[in-house]
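Engineer: Got a structure for you, entry-v2.cif, holding mmCIF, C-alpha atoms and all ligand atoms.
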```
data_final
loop_
_atom_site.label_atom_id
_atom_site.label_comp_id
_atom_site.auth_asym_id
_atom_site.auth_seq_id
_atom_site.Cartn_x
_atom_site.Cartn_y
_atom_site.Cartn_z
CA MET A 1 79.10 91.45 97.75
CA HIS A 2 82.70 92.53 97.97
CA LEU A 3 85.21 93.39 100.63
CA LYS A 4 85.49 97.18 100.84
CA ARG A 5 87.76 97.67 103.76
CA ILE A 6 89.74 95.92 106.48
CA GLU A 7 90.51 97.76 109.71
CA LEU A 8 93.24 96.23 111.85
CA ALA A 9 94.52 97.23 115.29
CA GLY A 10 96.95 95.22 117.38
CA PHE A 11 96.59 92.22 115.08
CA LYS A 12 99.85 90.33 114.50
CA SER A 13 102.39 92.72 112.89
CA PHE A 14 99.82 95.56 112.66
CA ALA A 15 100.43 97.35 115.97
CA LYS A 16 98.87 100.68 115.06
CA ARG A 17 95.34 101.00 113.71
CA ILE A 18 95.36 100.77 109.94
CA GLU A 19 92.68 100.75 107.23
CA LEU A 20 93.11 98.93 103.94
CA ASP A 21 90.66 99.92 101.19
CA PHE A 22 89.77 97.55 98.39
CA ARG A 23 88.03 98.27 95.10
CA PRO A 24 86.00 95.74 93.14
CA GLY A 25 88.25 93.71 90.83
CA VAL A 26 91.70 92.36 91.45
CA THR A 27 93.94 93.66 94.23
CA ALA A 28 97.51 92.49 94.67
CA VAL A 29 99.37 93.00 97.92
CA VAL A 30 103.12 93.07 97.41
CA GLY A 31 106.00 93.41 99.85
CA PRO A 32 109.19 91.78 101.08
CA ASN A 33 109.18 88.48 102.98
CA GLY A 34 107.85 88.92 106.50
CA SER A 35 106.25 92.29 105.81
CA GLY A 36 102.76 91.09 106.76
CA LYS A 37 101.04 90.07 103.51
CA SER A 38 99.84 86.74 104.85
CA ASN A 39 98.85 88.41 108.13
CA ILE A 40 96.18 90.26 106.13
CA SER A 41 94.58 87.05 104.88
CA ASP A 42 94.94 85.59 108.39
CA ALA A 43 92.99 88.62 109.63
CA VAL A 44 90.16 87.92 107.19
CA ARG A 45 89.93 84.26 108.19
CA TRP A 46 90.12 85.24 111.85
CA VAL A 47 87.09 87.54 111.61
CA LEU A 48 85.18 84.85 109.71
CA GLY A 49 85.53 82.73 112.86
CA GLU A 50 88.71 80.71 112.48
CA GLN A 51 89.17 78.88 115.80
CA SER A 52 92.43 77.11 115.11
CA ALA A 53 95.47 79.10 116.26
CA LYS A 54 97.68 76.69 114.35
CA SER A 55 95.96 77.45 111.07
CA LEU A 56 96.61 81.14 111.83
CA ARG A 57 100.27 80.16 112.19
CA GLY A 58 100.37 80.59 115.97
CA ALA A 59 100.50 78.26 118.98
CA LYS A 60 97.62 79.84 120.90
CA MET A 61 94.94 82.39 120.04
CA GLU A 62 96.78 85.07 122.05
CA ASP A 63 99.51 84.94 119.38
CA VAL A 64 97.32 87.03 117.07
CA ILE A 65 97.88 90.00 119.41
CA PHE A 66 100.83 92.24 118.53
CA ALA A 67 103.71 90.91 120.63
CA GLY A 68 105.86 94.05 120.55
CA SER A 69 108.91 95.00 118.54
CA GLU A 70 111.84 97.35 118.79
CA GLY A 71 110.35 100.73 119.67
CA GLU A 72 106.76 99.50 119.83
CA ASN A 73 105.15 98.09 122.97
CA HIS A 74 103.10 94.93 122.83
CA ARG A 75 99.31 95.31 122.73
CA ASN A 76 96.72 93.66 124.95
CA VAL A 77 93.90 93.70 122.42
CA ALA A 78 93.66 92.66 118.78
CA GLU A 79 90.71 93.88 116.75
CA VAL A 80 89.88 93.41 113.09
CA THR A 81 86.82 94.67 111.20
CA LEU A 82 85.76 93.61 107.71
CA VAL A 83 83.50 96.06 105.90
CA LEU A 84 81.49 94.43 103.12
CA ASP A 85 79.51 96.02 100.32
CA ASN A 86 76.12 94.31 100.55
CA ARG A 87 74.16 96.21 97.91
CA ASP A 88 73.31 92.90 96.23
CA GLU A 89 71.98 91.66 99.61
CA GLN A 90 73.93 88.44 99.34
CA LEU A 91 74.28 88.68 103.09
CA ARG A 92 70.75 88.35 104.35
CA LEU A 93 70.71 91.67 106.18
CA PRO A 94 68.85 94.80 105.08
CA TYR A 95 71.98 96.96 105.00
CA GLU A 96 74.01 98.23 102.04
CA GLU A 97 77.12 97.92 104.12
CA VAL A 98 77.81 95.23 106.70
CA SER A 99 80.68 95.26 109.14
CA VAL A 100 81.89 92.27 111.12
CA THR A 101 84.36 92.71 113.96
CA ARG A 102 86.27 90.25 116.11
CA ARG A 103 88.19 91.27 119.20
CA VAL A 104 90.36 89.27 121.56
CA THR A 105 92.21 90.31 124.70
CA ARG A 106 95.21 88.82 126.52
CA SER A 107 92.94 87.96 129.42
CA GLY A 108 91.10 85.66 127.05
CA ASP A 109 87.95 87.69 126.31
CA SER A 110 86.67 87.10 122.81
CA ASP A 111 83.93 89.19 121.21
CA TYR A 112 82.18 89.44 117.87
CA PHE A 113 80.20 92.38 116.53
CA MET A 114 77.93 92.82 113.55
CA ASN A 115 77.47 96.44 112.48
CA LYS A 116 79.04 97.34 115.83
CA LYS A 117 76.45 95.42 117.85
CA PRO A 118 77.65 92.46 119.96
CA CYS A 119 76.80 89.08 118.48
CA ARG A 120 77.81 85.43 118.79
CA LEU A 121 80.30 83.47 116.73
CA LYS A 122 77.31 81.44 115.54
CA ASP A 123 75.72 84.60 114.10
CA VAL A 124 78.88 85.34 112.11
CA ILE A 125 79.04 81.77 110.81
CA ASP A 126 75.34 81.83 109.88
CA LEU A 127 75.76 85.16 108.08
CA PHE A 128 78.38 83.78 105.72
CA LEU A 129 76.96 80.28 105.32
CA ASP A 130 76.45 79.41 101.62
CA THR A 131 77.94 82.71 100.45
CA GLY A 132 81.24 81.07 99.49
CA LEU A 133 82.99 83.16 102.11
CA SER A 134 82.45 81.01 105.17
CA ARG A 135 85.25 79.95 107.46
CA ASP A 136 85.73 76.59 105.76
CA ALA A 137 85.11 77.69 102.17
CA PHE A 138 87.75 78.01 99.52
CA ALA A 139 87.64 81.77 99.11
CA ILE A 140 90.98 81.88 100.89
CA ILE A 141 93.70 79.49 99.79
CA GLY A 142 96.73 79.65 102.05
CA GLN A 143 100.38 79.24 101.20
CA GLY A 144 101.14 75.52 101.10
CA ARG A 145 97.52 74.61 100.38
CA VAL A 146 98.10 74.45 96.63
CA GLU A 147 101.10 72.20 97.19
CA GLN A 148 98.96 69.98 99.39
CA VAL A 149 96.70 69.39 96.41
CA ILE A 150 99.45 68.94 93.84
CA SER A 151 101.88 66.74 95.71
CA GLY A 152 99.75 65.32 98.52
CA LYS A 153 98.85 61.67 99.00
CA PRO A 154 95.74 60.59 97.05
CA GLU A 155 93.73 60.30 100.32
CA ASP A 156 94.64 63.86 101.37
CA ARG A 157 93.89 65.17 97.91
CA ARG A 158 90.52 63.44 97.97
CA ALA A 159 89.71 65.08 101.32
CA VAL A 160 90.42 68.53 99.87
CA ILE A 161 88.22 67.85 96.83
CA GLU A 162 85.43 66.41 98.97
CA GLU A 163 85.53 69.46 101.22
CA ALA A 164 85.30 71.74 98.19
CA ALA A 165 82.39 69.73 96.78
CA GLY A 166 80.61 69.85 100.14
CA VAL A 167 80.58 66.05 100.40
CA LEU A 168 82.56 65.91 103.59
CA LYS A 169 79.69 66.83 105.88
CA TYR A 170 77.59 63.97 104.45
CA ARG A 171 80.45 61.52 104.92
CA GLN A 172 80.74 62.66 108.54
CA ARG A 173 76.99 62.31 109.07
CA LYS A 174 77.05 58.82 107.53
CA LYS A 175 79.84 57.80 109.89
CA GLN A 176 77.85 59.13 112.85
CA ALA A 177 74.74 57.27 111.76
CA GLU A 178 76.66 54.02 111.34
CA ARG A 179 78.01 54.32 114.88
CA LYS A 180 74.49 54.47 116.34
P1 LIG B 1 106.23 85.96 102.94
O1 LIG B 1 106.52 86.75 101.70
O2 LIG B 1 107.45 85.28 103.46
O3 LIG B 1 105.06 85.03 102.79
P2 LIG B 1 104.53 87.79 104.43
O4 LIG B 1 104.55 89.17 103.87
O5 LIG B 1 103.37 86.93 104.10
O6 LIG B 1 105.90 87.03 104.07
P3 LIG B 1 103.68 87.45 107.13
O7 LIG B 1 103.80 85.99 107.34
O8 LIG B 1 102.34 88.03 106.89
O9 LIG B 1 104.69 87.92 106.00
O10 LIG B 1 104.28 88.24 108.39
C1 LIG B 1 105.22 87.68 109.22
C2 LIG B 1 105.66 88.72 110.21
O11 LIG B 1 104.62 89.01 111.12
C3 LIG B 1 106.86 88.24 111.00
O12 LIG B 1 107.84 89.25 110.96
C4 LIG B 1 106.31 88.06 112.39
O13 LIG B 1 107.25 88.41 113.37
C5 LIG B 1 105.17 89.07 112.41
N1 LIG B 1 104.19 88.69 113.41
C6 LIG B 1 103.35 87.64 113.42
N2 LIG B 1 102.62 87.59 114.55
C7 LIG B 1 103.02 88.67 115.27
C8 LIG B 1 102.64 89.18 116.56
N3 LIG B 1 101.72 88.60 117.33
N4 LIG B 1 103.26 90.30 116.99
C9 LIG B 1 104.20 90.91 116.25
N5 LIG B 1 104.59 90.49 115.04
C10 LIG B 1 104.02 89.38 114.55
MG MG B 2 103.18 85.04 103.24
#
```
Go through the file and emit its structure as structure tokens.

Structural biologist:
Amino acid sequence: MHLKRIELAGFKSFAKRIELDFRPGVTAVVGPNGSGKSNISDAVRWVLGEQSAKSLRGAKMEDVIFAGSEGENHRNVAEVTLVLDNRDEQLRLPYEEVSVTRRVTRSGDSDYFMNKKPCRLKDVIDLFLDTGLSRDAFAIIGQGRVEQVISGKPEDRRAVIEEAAGVLKYRQRKKQAERK
């Protein structure tokens, strides 16, 4: 499985609809500070179901919608689609290509689509579970995350390692069981 294409419209600094094509192998995105590089990885995490506006570097979810700039009106809808090559059927769907879309409006509507058909957030999460690309996996390491590991307190560092090892959910379950 690999990411073939991202389509963005009205998402953060991407006011106009834009398509970014990726080939297998390594892709580097370069550009000056503030040009929108991190907004691309935010877009990927957003489609995968990120629910925390703060982790997308905003105060509320509406902040992912293009807010307007000189000469460009604000938008009322943000929409991002990830197109994945699924020829290896790592995503358990019988399609060579799978698209996942998330859309949010200023009025607060939030929708997910799989191959253009409406679906639930749960369906998106289930699709990527155990593929290494889920919302909470380590396929995407944000700016500052590396520093958190290198110079963080031992407890914080342990939490990151436990999350990566998949131990955290068992620790949480143990805590729940002990409370009963
Ligand atoms: P750096 O090299 O500093 O990490 P970057 O290329 O990663 O920079 P981003 O953080 O992706 O840059 O982009 C930041 C830009 O996106 C800022 O100019 C900010 O104003 C713009 N931006 C973020 N959210 C919105 C929004 N909702 N509407 C319009 N612009 C936005
Ligand atoms: Mg950045």

Engineer: Could you produce a table of the residues of chain A lying within 6 Å of ligand LIG 1 (chain B), with the nearest pair of atoms per residue and their separation in Å rounded to one decimal, using only C-alpha atoms and all ligand atoms, ordered by chain and increasing residue number, as a tab-separated table?

Structural biologist:
```
residue	atom	partner	partner_atom	distance
A:Lys12	CA	B:LIG1	C8	3.7
A:Ser13	CA	B:LIG1	N5	3.8
A:Pro32	CA	B:LIG1	O1	5.7
A:Asn33	CA	B:LIG1	O1	3.4
A:Gly34	CA	B:LIG1	O9	3.4
A:Ser35	CA	B:LIG1	O4	4.0
A:Gly36	CA	B:LIG1	O8	3.1
A:Lys37	CA	B:LIG1	O4	3.6
A:Ser38	CA	B:LIG1	O8	3.5
A:Asn39	CA	B:LIG1	O8	3.7
A:Asp63	CA	B:LIG1	N3	4.7
A:Val64	CA	B:LIG1	N3	4.7
A:Ile65	CA	B:LIG1	N3	4.6
A:Phe66	CA	B:LIG1	N4	3.5
A:Ala67	CA	B:LIG1	N4	3.7
A:Gly68	CA	B:LIG1	C9	5.6
```

Engineer: At a cut-off of 7 Å, using all atoms listed in the file, what residues contact Val98 (chain A)? Leave out same-chain residues fewer than 3 positions from it and give the result as an MDAnalysis selection string.

Structural biologist: chainID A and resid 83:86 95 115

Engineer: Taking C-alpha atoms for each residue, export the selection above as a PDB file, in the frame of the given file.

Structural biologist:
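Saved as part34.pdb:
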```pdb
ATOM      1  CA  VAL A  83      83.500  96.060 105.900  1.00  0.00           C
ATOM      2  CA  LEU A  84      81.490  94.430 103.120  1.00  0.00           C
ATOM      3  CA  ASP A  85      79.510  96.020 100.320  1.00  0.00           C
ATOM      4  CA  ASN A  86      76.120  94.310 100.550  1.00  0.00           C
ATOM      5  CA  TYR A  95      71.980  96.960 105.000  1.00  0.00           C
ATOM      6  CA  ASN A 115      77.470  96.440 112.480  1.00  0.00           C
TER       7      ASN A 115
END
```

Engineer: Which polymer residues have any atom within 12 Å of an atom of region 163-180 of chain A, counting all atoms listed in the file, with same-chain residues fewer than 6 positions away left out, as a list in words?

Structural biologist: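 Here the qualifying residues turn out to be Asp130, Gly132, Ser134, Asp136, Ala137, Phe138, Ala139, Ile140, Ile141, Val149, Asp156 and Arg157 of chain A.
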
Engineer: Between A:Val77, A:Val29, A:Leu48, A:Leu56, which residue has the minimum interatomic distance to Ser99 (chain A), considering only C-alpha atoms?

Structural biologist: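 Between A:Val77, A:Val29, A:Leu48, A:Leu56, the residue approaching Ser99 (chain A) most closely is A:Leu48.
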
Engineer: So, with all atoms listed in the file as the atoms that count, which of A:Ser41, A:Ser55, A:Gln90, A:Ser69 lies closest to ligand MG 2 (chain B)?

Structural biologist: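 Nearest to ligand MG 2 (chain B): A:Ser41.
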
Engineer: I need every residue sitting at most 10 Å from the point (90.2, 87.7, 126.5) (coordinates as in the file, only C-alpha atoms considered), written as an NGL selection string.

Structural biologist: :A and (61-62 or 76-78 or 103-111)

Engineer: Name the residues in contact with Arg135 (chain A) at a cut-off of 7 Å, using only C-alpha atoms, excluding same-chain residues fewer than 3 positions from it; report them as a list in words.

Structural biologist: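 Once the adjacent positions are removed, what remains is Arg45, Leu48, Gly49 and Glu50 of chain A.
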